[in-house]
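Colleague: Before anything else, here's the structure in question.
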Amino acid sequence: MSANRRRRWTVKIGSALLTAGGMGLDRHALQGWVDQICGLRRAGLDVVLVSSGAIAEGVVRLGWRQRPSQLPRLQAAAAVGQMGLMQAYEDAFRLHGVHAAQLLLTHDDFADRARYVNVAATIRTLLRMGVIPVINENDTVSTEEVCFGDNDMLAALVGNMIGAGHLLILTDQEGLYTRDPRKSADARLIAHAPADAAWLREAAGGSGAWGRGGMASKVRAAGLFALSGGATTIAAGHTRNLMARISQGEPIGTRLEPGRCRLQRRGLWLAGCLRAKGALIVARQQANPEEMVADLTVGLSAAVRGDFAAGETIEIEDTNGGKLGKGISNYSARDIKRMIADAASPHASSPAVAKPVISYRNIVPHSILEGLA
């Protein structure tokens with residue numbers, strides 16, 4: 001790992017910690033985390049903060065007794081709460097003479113390659129200026145209530161985007177346990193494990209009333225972040241001086257190390273496109289996943305599903321619905337349908353297709369993606 005990666009961290013703080021169980025922002029605790037982040041900065045680390053809490057803060061400000069289920073009311077709460085959340089961070093960082101910057105992101109910012117590159121450049125510029133980026137999901141324009149899993153996946157996506165070496169996820173538990181410690185007296189803390197271990201997903205539980213995550217989303221986030229070679233620590237946010245102690249190598253919480261699988265920049269971006277626009281159906285009842293290392297041509301294509309444009313991310317499936325991978329289509333759904341029909345015509349000559357439907361360089365096999373679903 002390069003020196004730049006080792007000195008760059010992404011820290012994620014969830015809503016359960018920030019809002020003290022839904023009772024509004026815990027400003028004393030928030031100040032403590034900001035103090036620690038500024039301590040890391042003085043030690044020479046670059047830190048990007050991913051923070052939940054806008055909806056929960058908005059619910060309290062609006063005088064509601066519980067988190068609403070209707071999307072418009074959730075978005076209204078986010079709009080109100082985001083003001084209070086950023087005001088609290090700005091006040092806390094100002095005590096250290098540090099500026100904070102707000103970035104609100106959605107899936108579209110990660111799905112569109114040009115926007116993805118632009119966001120990455122903005123974050124790196126802020127870090128060079130000594131500004132702490134504070135990132136949250138843009139709940140006010142999201143079209144689905146559950147998107148990034150209480151920002152765990154958002155933190156992993158941002159970490160991969162900027163080439164961070166460490167992802168620290170703060171939670172209300174000591175780390176990941178073999179079983180839910182709230183229900184099993186014999187639950188044991190998992191001190192360290194490879195992030196791609198399948199048994200980790202079995203140890204993960206559900207989510208709380210005020211958050212949208214839970215350990216399952218944290219394990220998925222660690223798996224995604226590991227594809228860039230980064231390590232993830234899941235630890236109790238109220239542990240005394242935990243950020244400095246972790247940076248000095250003290251084992252705290254659960255550390256999930258990267259496995260053997262690595263993706264380069266384009267592959268990381270593609271793996272992070274969590275919502276595909278459609279699907280290409282490969283002309284096999286049960287296609288061999290090893291075929292995903294070759295171009296997918298019109299001759300290998302049976303059908304398409306959905307309405308997508310050229311350059312958008314789509315699923316790759318066999319005719320039985322089996323997942324084979326994810327790729328970037330060189331053609332629109334309409335053009336692929338036309339090419340498949342032309343190729344099937346008894347009067348068709350060899351079509352002059354300049355590019356394959358999906359180039360192998362733009363494919364990530366399902367074997368890499370299955371732990372991120």
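Naming scheme: A, B, ... for chains in displayed order of the structure tokens; residues 1 onward per chain; ligands 1 onward as shown.
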Could you find all residues in segment 153-317 of chain A that DSSP calls helix (DSSP H, G or I) from the backbone, and write them as a ChimeraX atom specification?

Modeller: /A:153-162,199-203,215-226,242-247,265-271,289-293,298-300

Colleague: Which residues of segment 252-332 of chain A have any atom within 10 Å of an atom in segment 362-372 of chain A when counting only C-alpha atoms, and what is the closest pair of atoms for each, with the distance in Å to one decimal? Order the rows by chain and rising number and write it as a tab-separated table.

Modeller:
```
residue	atom	partner	partner_atom	distance
A:Cys261	CA	A:Ile368	CA	7.7
A:Arg262	CA	A:Ile368	CA	9.3
A:Leu263	CA	A:Val364	CA	8.8
A:Arg266	CA	A:Asn362	CA	7.8
A:Gly267	CA	A:Val364	CA	6.6
A:Leu268	CA	A:Val364	CA	9.0
A:Leu270	CA	A:Val364	CA	7.2
A:Ala271	CA	A:Val364	CA	6.8
A:Gly272	CA	A:Leu372	CA	9.2
A:Leu274	CA	A:Leu372	CA	8.6
A:Pro289	CA	A:Pro365	CA	7.0
A:Glu290	CA	A:Pro365	CA	8.4
A:Glu291	CA	A:Pro365	CA	9.3
A:Met292	CA	A:Pro365	CA	6.1
A:Val293	CA	A:Ile363	CA	7.6
A:Ala294	CA	A:Ile363	CA	8.9
A:Asp295	CA	A:Ile363	CA	8.8
A:Leu296	CA	A:Ile363	CA	9.4
A:Thr313	CA	A:Asn362	CA	9.3
A:Ile314	CA	A:Ile363	CA	9.8
A:Glu315	CA	A:His366	CA	9.3
A:Ile316	CA	A:His366	CA	8.7
A:Glu317	CA	A:His366	CA	9.6
A:Gly322	CA	A:His366	CA	9.6
A:Lys323	CA	A:His366	CA	6.3
A:Leu324	CA	A:His366	CA	4.9
A:Gly325	CA	A:His366	CA	4.0
A:Lys326	CA	A:Val364	CA	5.4
A:Gly327	CA	A:Ile363	CA	4.3
A:Ile328	CA	A:Asn362	CA	5.6
A:Ser329	CA	A:Asn362	CA	8.4
A:Asn330	CA	A:Asn362	CA	9.6
```

Colleague: Step one, run DSSP on the backbone; step two, keep only residues of segment 81-242 of chain A assigned to strand (DSSP E); then write them as a ChimeraX atom specification.

Modeller: /A:100-105,132-137,166-171,192-194,231-236

Colleague: Atom CA of Leu242 of chain A to atom CA of Ala221 of chain A: how many Å, to one decimal?

Modeller: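 Interatomic distance, atom CA of Leu242 of chain A to atom CA of Ala221 of chain A: 20.4 Å.
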
Colleague: Using only C-alpha atoms, which residues sit within 9 Å of Gly223 of chain A once same-chain residues fewer than 4 positions away are excluded, as a PyMOL selection string?

Modeller: chain A and resi 156+194-197+218-219+227+232+256+258-259+371-372

Colleague: Any chance you can output those residues with N, CA, C and O atoms as a JSON list (two decimals), in the first residue's frame?

Modeller:
```json
[["chain", "number", "residue", "atom", "x", "y", "z"],
["A", 156, "ALA", "N", -17.86, 3.12, 2.01],
["A", 156, "ALA", "CA", -16.96, 2.26, 1.25],
["A", 156, "ALA", "C", -16.76, 2.79, -0.17],
["A", 156, "ALA", "O", -15.64, 2.78, -0.70],
["A", 194, "PRO", "N", -10.77, -12.10, 7.30],
["A", 194, "PRO", "CA", -10.75, -11.59, 5.93],
["A", 194, "PRO", "C", -12.12, -11.04, 5.55],
["A", 194, "PRO", "O", -13.16, -11.64, 5.88],
["A", 195, "ALA", "N", -12.15, -9.92, 4.89],
["A", 195, "ALA", "CA", -13.42, -9.25, 4.59],
["A", 195, "ALA", "C", -14.29, -10.05, 3.64],
["A", 195, "ALA", "O", -15.51, -9.84, 3.60],
["A", 196, "ASP", "N", -13.70, -10.97, 2.86],
["A", 196, "ASP", "CA", -14.49, -11.74, 1.90],
["A", 196, "ASP", "C", -14.93, -13.10, 2.43],
["A", 196, "ASP", "O", -15.43, -13.93, 1.68],
["A", 197, "ALA", "N", -14.76, -13.35, 3.74],
["A", 197, "ALA", "CA", -15.18, -14.63, 4.32],
["A", 197, "ALA", "C", -16.70, -14.74, 4.31],
["A", 197, "ALA", "O", -17.40, -13.87, 4.84],
["A", 218, "LYS", "N", -22.55, -3.34, 7.20],
["A", 218, "LYS", "CA", -21.14, -3.04, 7.50],
["A", 218, "LYS", "C", -20.22, -4.11, 6.91],
["A", 218, "LYS", "O", -19.13, -3.79, 6.40],
["A", 219, "VAL", "N", -20.65, -5.36, 6.97],
["A", 219, "VAL", "CA", -19.86, -6.44, 6.38],
["A", 219, "VAL", "C", -19.81, -6.29, 4.85],
["A", 219, "VAL", "O", -18.76, -6.47, 4.23],
["A", 227, "LEU", "N", -11.93, -4.63, -1.99],
["A", 227, "LEU", "CA", -11.58, -4.82, -3.40],
["A", 227, "LEU", "C", -10.51, -3.83, -3.85],
["A", 227, "LEU", "O", -9.84, -4.05, -4.86],
["A", 232, "THR", "N", -10.91, -2.52, 6.92],
["A", 232, "THR", "CA", -12.03, -1.89, 7.61],
["A", 232, "THR", "C", -11.99, -2.25, 9.10],
["A", 232, "THR", "O", -11.77, -3.41, 9.45],
["A", 256, "LEU", "N", -11.37, -6.08, 9.53],
["A", 256, "LEU", "CA", -11.61, -6.94, 8.38],
["A", 256, "LEU", "C", -10.59, -6.60, 7.30],
["A", 256, "LEU", "O", -10.59, -5.50, 6.74],
["A", 258, "PRO", "N", -8.37, -7.06, 3.71],
["A", 258, "PRO", "CA", -8.69, -7.40, 2.32],
["A", 258, "PRO", "C", -8.26, -8.82, 1.99],
["A", 258, "PRO", "O", -7.26, -9.32, 2.51],
["A", 259, "GLY", "N", -9.04, -9.47, 1.14],
["A", 259, "GLY", "CA", -8.69, -10.80, 0.68],
["A", 259, "GLY", "C", -7.76, -10.74, -0.52],
["A", 259, "GLY", "O", -7.07, -9.75, -0.75],
["A", 371, "GLY", "N", -21.02, -11.09, -2.70],
["A", 371, "GLY", "CA", -21.02, -10.73, -1.29],
["A", 371, "GLY", "C", -21.44, -9.30, -1.03],
["A", 371, "GLY", "O", -21.60, -8.89, 0.13],
["A", 372, "LEU", "N", -21.67, -8.51, -2.10],
["A", 372, "LEU", "CA", -22.03, -7.10, -1.95],
["A", 372, "LEU", "C", -23.52, -6.87, -2.11],
["A", 372, "LEU", "O", -23.99, -5.76, -1.91]]
```
